[in-house]
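As stored in upload_6.pdb (PDB, C-alpha atoms):
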```pdb
ATOM      1  CA  MET T   1     -56.213  16.180 -23.111  1.00  0.00           C
ATOM      2  CA  VAL T   2     -53.472  18.308 -24.701  1.00  0.00           C
ATOM      3  CA  HIS T   3     -51.003  17.107 -22.054  1.00  0.00           C
ATOM      4  CA  ARG T   4     -51.924  13.469 -22.719  1.00  0.00           C
ATOM      5  CA  TYR T   5     -51.534  13.894 -26.489  1.00  0.00           C
ATOM      6  CA  MET T   6     -48.134  15.572 -26.081  1.00  0.00           C
ATOM      7  CA  LYS T   7     -47.026  12.773 -23.739  1.00  0.00           C
ATOM      8  CA  GLU T   8     -48.092  10.081 -26.230  1.00  0.00           C
ATOM      9  CA  GLU T   9     -46.173  11.857 -28.997  1.00  0.00           C
ATOM     10  CA  GLY T  10     -43.060  12.343 -26.854  1.00  0.00           C
ATOM     11  CA  LEU T  11     -43.304  16.135 -26.921  1.00  0.00           C
ATOM     12  CA  LEU T  12     -42.968  16.780 -23.193  1.00  0.00           C
ATOM     13  CA  ILE T  13     -39.742  18.085 -21.678  1.00  0.00           C
ATOM     14  CA  THR T  14     -38.092  15.479 -19.464  1.00  0.00           C
ATOM     15  CA  ARG T  15     -37.636  16.631 -15.914  1.00  0.00           C
ATOM     16  CA  HIS T  16     -34.502  15.563 -14.107  1.00  0.00           C
ATOM     17  CA  ARG T  17     -35.140  16.135 -10.427  1.00  0.00           C
ATOM     18  CA  THR T  18     -35.151  14.031  -7.326  1.00  0.00           C
ATOM     19  CA  ARG T  19     -37.377  14.739  -4.381  1.00  0.00           C
ATOM     20  CA  GLY T  20     -36.616  13.571  -0.889  1.00  0.00           C
ATOM     21  CA  SER T  21     -34.164  10.933   0.165  1.00  0.00           C
ATOM     22  CA  SER T  22     -32.958   8.292  -2.261  1.00  0.00           C
ATOM     23  CA  ARG T  23     -32.036   5.815   0.455  1.00  0.00           C
ATOM     24  CA  SER T  24     -33.950   2.563   0.702  1.00  0.00           C
ATOM     25  CA  HIS T  25     -36.493   2.109   3.491  1.00  0.00           C
ATOM     26  CA  THR T  26     -36.153  -1.345   4.962  1.00  0.00           C
ATOM     27  CA  GLY T  27     -37.461  -0.648   8.469  1.00  0.00           C
ATOM     28  CA  GLN T  28     -40.847  -1.820   9.690  1.00  0.00           C
ATOM     29  CA  ILE T  29     -43.317   0.600  11.224  1.00  0.00           C
ATOM     30  CA  ALA T  30     -45.902  -1.975  12.298  1.00  0.00           C
ATOM     31  CA  VAL T  31     -45.526  -3.564  15.735  1.00  0.00           C
ATOM     32  CA  GLU T  32     -46.993  -6.726  17.257  1.00  0.00           C
ATOM     33  CA  THR T  33     -48.363  -5.241  20.478  1.00  0.00           C
ATOM     34  CA  PRO T  34     -50.783  -2.320  20.970  1.00  0.00           C
ATOM     35  CA  ASN T  35     -49.518   0.764  22.791  1.00  0.00           C
ATOM     36  CA  THR T  36     -45.879   0.187  21.962  1.00  0.00           C
ATOM     37  CA  ARG T  37     -45.630   2.587  18.998  1.00  0.00           C
ATOM     38  CA  TRP T  38     -47.968   5.440  18.141  1.00  0.00           C
ATOM     39  CA  ALA T  39     -47.582   7.502  14.967  1.00  0.00           C
ATOM     40  CA  SER T  40     -48.911  10.948  14.144  1.00  0.00           C
ATOM     41  CA  ASP T  41     -49.237  13.274  11.190  1.00  0.00           C
ATOM     42  CA  ILE T  42     -51.126  16.361  10.020  1.00  0.00           C
ATOM     43  CA  THR T  43     -53.135  16.520   6.804  1.00  0.00           C
ATOM     44  CA  SER T  44     -55.052  19.381   5.181  1.00  0.00           C
ATOM     45  CA  ILE T  45     -58.594  19.355   3.846  1.00  0.00           C
ATOM     46  CA  LYS T  46     -59.464  22.027   1.271  1.00  0.00           C
ATOM     47  CA  CYS T  47     -63.064  23.150   1.651  1.00  0.00           C
ATOM     48  CA  TRP T  48     -65.288  24.220  -1.204  1.00  0.00           C
ATOM     49  CA  ASN T  49     -65.181  27.849  -0.053  1.00  0.00           C
ATOM     50  CA  GLY T  50     -61.389  27.867  -0.489  1.00  0.00           C
ATOM     51  CA  GLU T  51     -60.487  27.646   3.205  1.00  0.00           C
ATOM     52  CA  LYS T  52     -58.363  24.830   4.602  1.00  0.00           C
ATOM     53  CA  LEU T  53     -58.801  22.745   7.729  1.00  0.00           C
ATOM     54  CA  ARG T  54     -55.775  21.019   9.237  1.00  0.00           C
ATOM     55  CA  VAL T  55     -56.359  17.645  10.870  1.00  0.00           C
ATOM     56  CA  ALA T  56     -53.839  16.017  13.223  1.00  0.00           C
ATOM     57  CA  PHE T  57     -54.323  12.382  14.177  1.00  0.00           C
ATOM     58  CA  LEU T  58     -52.626   9.752  16.300  1.00  0.00           C
ATOM     59  CA  LEU T  59     -52.791   6.065  15.382  1.00  0.00           C
ATOM     60  CA  ASP T  60     -51.553   2.853  16.944  1.00  0.00           C
ATOM     61  CA  CYS T  61     -48.998   1.085  14.735  1.00  0.00           C
ATOM     62  CA  CYS T  62     -50.307  -2.335  15.837  1.00  0.00           C
ATOM     63  CA  ASP T  63     -54.072  -2.111  15.351  1.00  0.00           C
ATOM     64  CA  ARG T  64     -54.011   1.006  13.103  1.00  0.00           C
ATOM     65  CA  SER T  65     -56.890   2.585  14.999  1.00  0.00           C
ATOM     66  CA  ILE T  66     -57.163   6.346  15.289  1.00  0.00           C
ATOM     67  CA  ILE T  67     -56.934   6.928  19.030  1.00  0.00           C
ATOM     68  CA  ALA T  68     -57.263  10.719  19.052  1.00  0.00           C
ATOM     69  CA  TRP T  69     -57.398  13.680  16.668  1.00  0.00           C
ATOM     70  CA  LYS T  70     -57.492  17.481  16.604  1.00  0.00           C
ATOM     71  CA  ALA T  71     -58.630  19.835  13.851  1.00  0.00           C
ATOM     72  CA  GLY T  72     -58.490  23.560  13.216  1.00  0.00           C
ATOM     73  CA  LYS T  73     -57.503  26.213  10.695  1.00  0.00           C
ATOM     74  CA  HIS T  74     -54.134  26.339  12.431  1.00  0.00           C
ATOM     75  CA  MET T  75     -52.274  23.573  14.248  1.00  0.00           C
ATOM     76  CA  GLN T  76     -49.783  24.216  17.045  1.00  0.00           C
ATOM     77  CA  ALA T  77     -47.656  22.139  19.398  1.00  0.00           C
ATOM     78  CA  VAL T  78     -50.211  22.638  22.183  1.00  0.00           C
ATOM     79  CA  ASP T  79     -52.830  20.915  19.994  1.00  0.00           C
ATOM     80  CA  ILE T  80     -50.516  17.920  19.536  1.00  0.00           C
ATOM     81  CA  GLU T  81     -49.893  17.876  23.290  1.00  0.00           C
ATOM     82  CA  LEU T  82     -53.632  17.828  24.025  1.00  0.00           C
ATOM     83  CA  MET T  83     -54.118  15.069  21.449  1.00  0.00           C
ATOM     84  CA  VAL T  84     -51.436  12.886  23.067  1.00  0.00           C
ATOM     85  CA  GLN T  85     -52.975  13.531  26.491  1.00  0.00           C
ATOM     86  CA  GLU T  86     -56.350  12.386  25.182  1.00  0.00           C
ATOM     87  CA  ALA T  87     -54.804   9.242  23.694  1.00  0.00           C
ATOM     88  CA  LEU T  88     -53.053   8.455  26.980  1.00  0.00           C
ATOM     89  CA  HIS T  89     -56.340   8.791  28.867  1.00  0.00           C
ATOM     90  CA  ILE T  90     -58.150   6.547  26.363  1.00  0.00           C
ATOM     91  CA  ARG T  91     -55.538   3.793  26.415  1.00  0.00           C
ATOM     92  CA  PHE T  92     -54.071   4.045  29.937  1.00  0.00           C
ATOM     93  CA  GLY T  93     -56.723   5.786  32.019  1.00  0.00           C
ATOM     94  CA  GLU T  94     -55.144   7.594  34.965  1.00  0.00           C
ATOM     95  CA  SER T  95     -51.878   5.649  34.627  1.00  0.00           C
ATOM     96  CA  LEU T  96     -48.855   6.243  32.420  1.00  0.00           C
ATOM     97  CA  PRO T  97     -47.091   3.726  30.181  1.00  0.00           C
ATOM     98  CA  GLU T  98     -44.112   1.969  31.688  1.00  0.00           C
ATOM     99  CA  PRO T  99     -40.794   3.695  30.850  1.00  0.00           C
ATOM    100  CA  ASP T 100     -39.238   2.731  27.488  1.00  0.00           C
ATOM    101  CA  THR T 101     -42.354   0.862  26.293  1.00  0.00           C
ATOM    102  CA  LEU T 102     -44.166   3.436  24.102  1.00  0.00           C
ATOM    103  CA  GLN T 103     -42.740   5.323  21.125  1.00  0.00           C
ATOM    104  CA  PHE T 104     -44.271   8.397  19.471  1.00  0.00           C
ATOM    105  CA  LEU T 105     -43.317   8.545  15.781  1.00  0.00           C
ATOM    106  CA  HIS T 106     -43.807  11.812  13.889  1.00  0.00           C
ATOM    107  CA  GLY T 107     -42.367  14.076  11.231  1.00  0.00           C
ATOM    108  CA  ASN T 108     -40.251  17.204  11.639  1.00  0.00           C
ATOM    109  CA  GLY T 109     -42.980  19.839  11.437  1.00  0.00           C
ATOM    110  CA  PRO T 110     -42.738  22.721  13.936  1.00  0.00           C
ATOM    111  CA  GLU T 111     -45.821  21.392  15.727  1.00  0.00           C
ATOM    112  CA  PHE T 112     -43.984  18.184  16.649  1.00  0.00           C
ATOM    113  CA  ILE T 113     -40.498  19.399  17.558  1.00  0.00           C
ATOM    114  CA  GLU T 114     -41.433  22.189  19.985  1.00  0.00           C
ATOM    115  CA  LYS T 115     -39.447  21.956  23.249  1.00  0.00           C
ATOM    116  CA  LYS T 116     -42.427  22.019  25.613  1.00  0.00           C
ATOM    117  CA  LEU T 117     -44.110  19.158  23.748  1.00  0.00           C
ATOM    118  CA  ARG T 118     -40.927  17.088  23.897  1.00  0.00           C
ATOM    119  CA  ALA T 119     -40.615  17.768  27.615  1.00  0.00           C
ATOM    120  CA  SER T 120     -44.220  16.648  28.125  1.00  0.00           C
ATOM    121  CA  LEU T 121     -43.604  13.436  26.172  1.00  0.00           C
ATOM    122  CA  LYS T 122     -40.616  12.686  28.386  1.00  0.00           C
ATOM    123  CA  SER T 123     -42.666  13.310  31.540  1.00  0.00           C
ATOM    124  CA  TRP T 124     -45.302  10.881  30.249  1.00  0.00           C
ATOM    125  CA  ASN T 125     -42.692   8.111  29.695  1.00  0.00           C
ATOM    126  CA  ILE T 126     -43.082   8.379  25.915  1.00  0.00           C
ATOM    127  CA  ILE T 127     -40.040   7.916  23.661  1.00  0.00           C
ATOM    128  CA  ASP T 128     -39.923  10.766  21.142  1.00  0.00           C
ATOM    129  CA  CYS T 129     -39.068   9.464  17.626  1.00  0.00           C
ATOM    130  CA  ASN T 130     -38.980  11.845  14.681  1.00  0.00           C
ATOM    131  CA  THR T 131     -38.534  10.604  11.119  1.00  0.00           C
ATOM    132  CA  PRO T 132     -35.567  11.645   8.931  1.00  0.00           C
ATOM    133  CA  THR T 133     -36.021  14.959   7.123  1.00  0.00           C
ATOM    134  CA  TYR T 134     -37.709  14.723   3.702  1.00  0.00           C
ATOM    135  CA  SER T 135     -38.600  11.080   4.324  1.00  0.00           C
ATOM    136  CA  PRO T 136     -42.403  10.598   4.390  1.00  0.00           C
ATOM    137  CA  GLN T 137     -41.843   6.872   3.755  1.00  0.00           C
ATOM    138  CA  SER T 138     -40.508   6.605   7.300  1.00  0.00           C
ATOM    139  CA  ASN T 139     -44.012   7.368   8.541  1.00  0.00           C
ATOM    140  CA  GLY T 140     -45.698   5.331   5.836  1.00  0.00           C
ATOM    141  CA  MET T 141     -48.558   4.089   8.002  1.00  0.00           C
ATOM    142  CA  CYS T 142     -49.769   7.655   8.482  1.00  0.00           C
ATOM    143  CA  GLU T 143     -49.319   8.376   4.782  1.00  0.00           C
ATOM    144  CA  ALA T 144     -51.454   5.330   3.970  1.00  0.00           C
ATOM    145  CA  PHE T 145     -54.151   6.467   6.387  1.00  0.00           C
ATOM    146  CA  ASN T 146     -54.153   9.944   4.813  1.00  0.00           C
ATOM    147  CA  ALA T 147     -54.889   8.412   1.414  1.00  0.00           C
ATOM    148  CA  THR T 148     -57.651   6.143   2.761  1.00  0.00           C
ATOM    149  CA  PHE T 149     -59.177   8.890   4.894  1.00  0.00           C
ATOM    150  CA  LYS T 150     -59.489  11.320   1.991  1.00  0.00           C
ATOM    151  CA  ARG T 151     -60.566   8.753  -0.604  1.00  0.00           C
ATOM    152  CA  ASP T 152     -63.211   6.967   1.463  1.00  0.00           C
ATOM    153  CA  TYR T 153     -64.512   9.739   3.694  1.00  0.00           C
ATOM    154  CA  VAL T 154     -63.441  13.301   2.888  1.00  0.00           C
ATOM    155  CA  TYR T 155     -63.988  13.285  -0.873  1.00  0.00           C
ATOM    156  CA  GLU T 156     -67.349  11.517  -0.461  1.00  0.00           C
ATOM    157  CA  SER T 157     -68.743  14.181   1.893  1.00  0.00           C
ATOM    158  CA  CYS T 158     -69.965  17.775   2.003  1.00  0.00           C
ATOM    159  CA  LEU T 159     -67.007  20.147   2.292  1.00  0.00           C
ATOM    160  CA  ASP T 160     -68.793  23.510   2.292  1.00  0.00           C
ATOM    161  CA  ASN T 161     -66.562  25.139   4.916  1.00  0.00           C
ATOM    162  CA  PRO T 162     -64.267  24.233   7.846  1.00  0.00           C
ATOM    163  CA  LYS T 163     -67.148  24.220  10.331  1.00  0.00           C
ATOM    164  CA  THR T 164     -69.109  21.722   8.213  1.00  0.00           C
ATOM    165  CA  VAL T 165     -66.061  19.490   7.808  1.00  0.00           C
ATOM    166  CA  HIS T 166     -65.167  19.628  11.504  1.00  0.00           C
ATOM    167  CA  ARG T 167     -68.640  18.369  12.459  1.00  0.00           C
ATOM    168  CA  GLN T 168     -68.118  15.241  10.335  1.00  0.00           C
ATOM    169  CA  ILE T 169     -64.621  14.204  11.411  1.00  0.00           C
ATOM    170  CA  GLN T 170     -65.609  12.203  14.494  1.00  0.00           C
ATOM    171  CA  LYS T 171     -68.130  10.245  12.408  1.00  0.00           C
ATOM    172  CA  TRP T 172     -65.426   9.484   9.817  1.00  0.00           C
ATOM    173  CA  MET T 173     -62.981   8.342  12.487  1.00  0.00           C
ATOM    174  CA  ASN T 174     -65.609   6.149  14.148  1.00  0.00           C
ATOM    175  CA  GLU T 175     -66.508   4.516  10.837  1.00  0.00           C
ATOM    176  CA  TYR T 176     -62.848   3.899  10.026  1.00  0.00           C
ATOM    177  CA  ASN T 177     -62.193   2.323  13.438  1.00  0.00           C
ATOM    178  CA  THR T 178     -65.411   0.329  13.620  1.00  0.00           C
ATOM    179  CA  TYR T 179     -66.493  -0.630  10.101  1.00  0.00           C
ATOM    180  CA  ALA T 180     -63.407  -0.654   7.846  1.00  0.00           C
ATOM    181  CA  PRO T 181     -61.716  -4.106   7.650  1.00  0.00           C
ATOM    182  CA  HIS T 182     -58.012  -4.017   6.840  1.00  0.00           C
ATOM    183  CA  SER T 183     -56.001  -6.640   4.974  1.00  0.00           C
ATOM    184  CA  ALA T 184     -53.018  -6.154   7.317  1.00  0.00           C
ATOM    185  CA  LEU T 185     -55.314  -6.846  10.288  1.00  0.00           C
ATOM    186  CA  GLU T 186     -56.551 -10.245   9.070  1.00  0.00           C
ATOM    187  CA  MET T 187     -59.597  -8.446   7.587  1.00  0.00           C
ATOM    188  CA  LYS T 188     -60.625  -7.217  11.017  1.00  0.00           C
ATOM    189  CA  THR T 189     -61.501  -3.601  11.744  1.00  0.00           C
ATOM    190  CA  PRO T 190     -58.997  -1.625  13.843  1.00  0.00           C
ATOM    191  CA  ASN T 191     -61.253  -1.868  16.915  1.00  0.00           C
ATOM    192  CA  GLU T 192     -61.768  -5.605  16.440  1.00  0.00           C
ATOM    193  CA  PHE T 193     -58.036  -6.180  16.040  1.00  0.00           C
ATOM    194  CA  TYR T 194     -57.233  -4.122  19.147  1.00  0.00           C
ATOM    195  CA  ASN T 195     -59.750  -6.064  21.227  1.00  0.00           C
ATOM    196  CA  PHE T 196     -58.372  -9.319  19.834  1.00  0.00           C
ATOM    197  CA  LYS T 197     -54.822  -8.334  20.770  1.00  0.00           C
ATOM    198  CA  ILE T 198     -55.538  -7.222  24.329  1.00  0.00           C
ATOM    199  CA  ALA T 199     -57.612 -10.374  24.950  1.00  0.00           C
ATOM    200  CA  ALA T 200     -54.849 -12.676  23.723  1.00  0.00           C
TER     201      ALA T 200
END
```
Show me this structure written as structure tokens.
Amino acid sequence: MVHRYMKEEGLLITRHRTRGSSRSHTGQIAVETPNTRWASDITSIKCWNGEKLRVAFLLDCCDRSIIAWKAGKHMQAVDIELMVQEALHIRFGESLPEPDTLQFLHGNGPEFIEKKLRASLKSWNIIDCNTPTYSPQSNGMCEAFNATFKRDYVYESCLDNPKTVHRQIQKWMNEYNTYAPHSALEMKTPNEFYNFKIAA
């Protein structure tokens, strides 16, 4: 209340600082065909007991569905590798994508730029695409999912401790994929839009 009053009266000190890149972002993250660009990010959930749970997820930039996820108090490159493996199995079965047909978009966190992970991506015919440093807008689809995920699911649920939160994540992901219509998907759910695309 004090802060609001000071702001209304013009008593706050003006801050002159710029965060991140000032360049314009004119690229498009969304793609027309499933399994041509996947994007990934890691978000943190603060539990009521003060502990944090880190959640990594991988989404398809066409249908916006969450294909795979991993969660734990700590996140390492091996967790990202296992998550990508799971996504490959879900979408391609025992096969691999054709060379130069699938991109993996991610930030510059140590979990994503580890050499062994990058070697695995190459062996799986996945094009490794990291965003520019200090440029979260370049992975805006993941940033948008983070906001939706926390607003509609995390903050509406019991967050006693990491174990309690972990037990709920699969339910949240299923509800997002199955029951949440999206304006960018012609008001279809991610699963409905994916099925529509592969049937076309």
Residue with the minimum atom-to-atom distance to Val55 of chain T, picked from T:Ala87, T:Leu82, T:Ala71, T:Ile198 with only C-alpha atoms counted, is T:Ala71
Hey, can you check how far atom CA of Ala147 of chain T sits from atom CA of Val2 of chain T?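 About the pair atom CA of Ala147 of chain T and atom CA of Val2 of chain T: they are 28.0 Å apart.
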Pick from T:Ile113, T:Ala200, T:Met6, T:Leu185: nearest to Arg64 of chain T, with all atoms listed in the file counted?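 Counting all atoms listed in the file, the residue closest to Arg64 of chain T is T:Leu185.
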Near Lys73 of chain T, within 9 Å and counting only C-alpha atoms, which residues show up once chain neighbours fewer than 5 positions away are dropped, as a ChimeraX atom specification? /T:51-55,162
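Proximity of T:Leu159, T:Val154, T:Ala39, T:Cys61 to Phe193 of chain T, computed with all atoms listed in the file, is greatest for T:Cys61.
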What is the atom CA of Ile169 of chain T to atom CA of Ile67 of chain T distance in Å?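 Straight-line distance from atom CA of Ile169 of chain T to atom CA of Ile67 of chain T works out to 13.0 Å.
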Compare T:Asp152, T:Glu86, T:Asp128, T:Glu81 by their minimum atom-to-atom distance to Ala68 of chain T, counting all atoms listed in the file, and give me the closest one. T:Glu86
So how far away is atom CA of Thr43 of chain T from atom CA of Glu114 of chain T, in Å?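 That distance, rounded to one decimal, is 18.5 Å.
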Once the PyMOL selection byres ((chain T and resi 77) around 12) has been evaluated on this model, what residues remain selected, and can you format them as a ChimeraX atom specification? /T:42,56,70,74-76,78-84,108-121
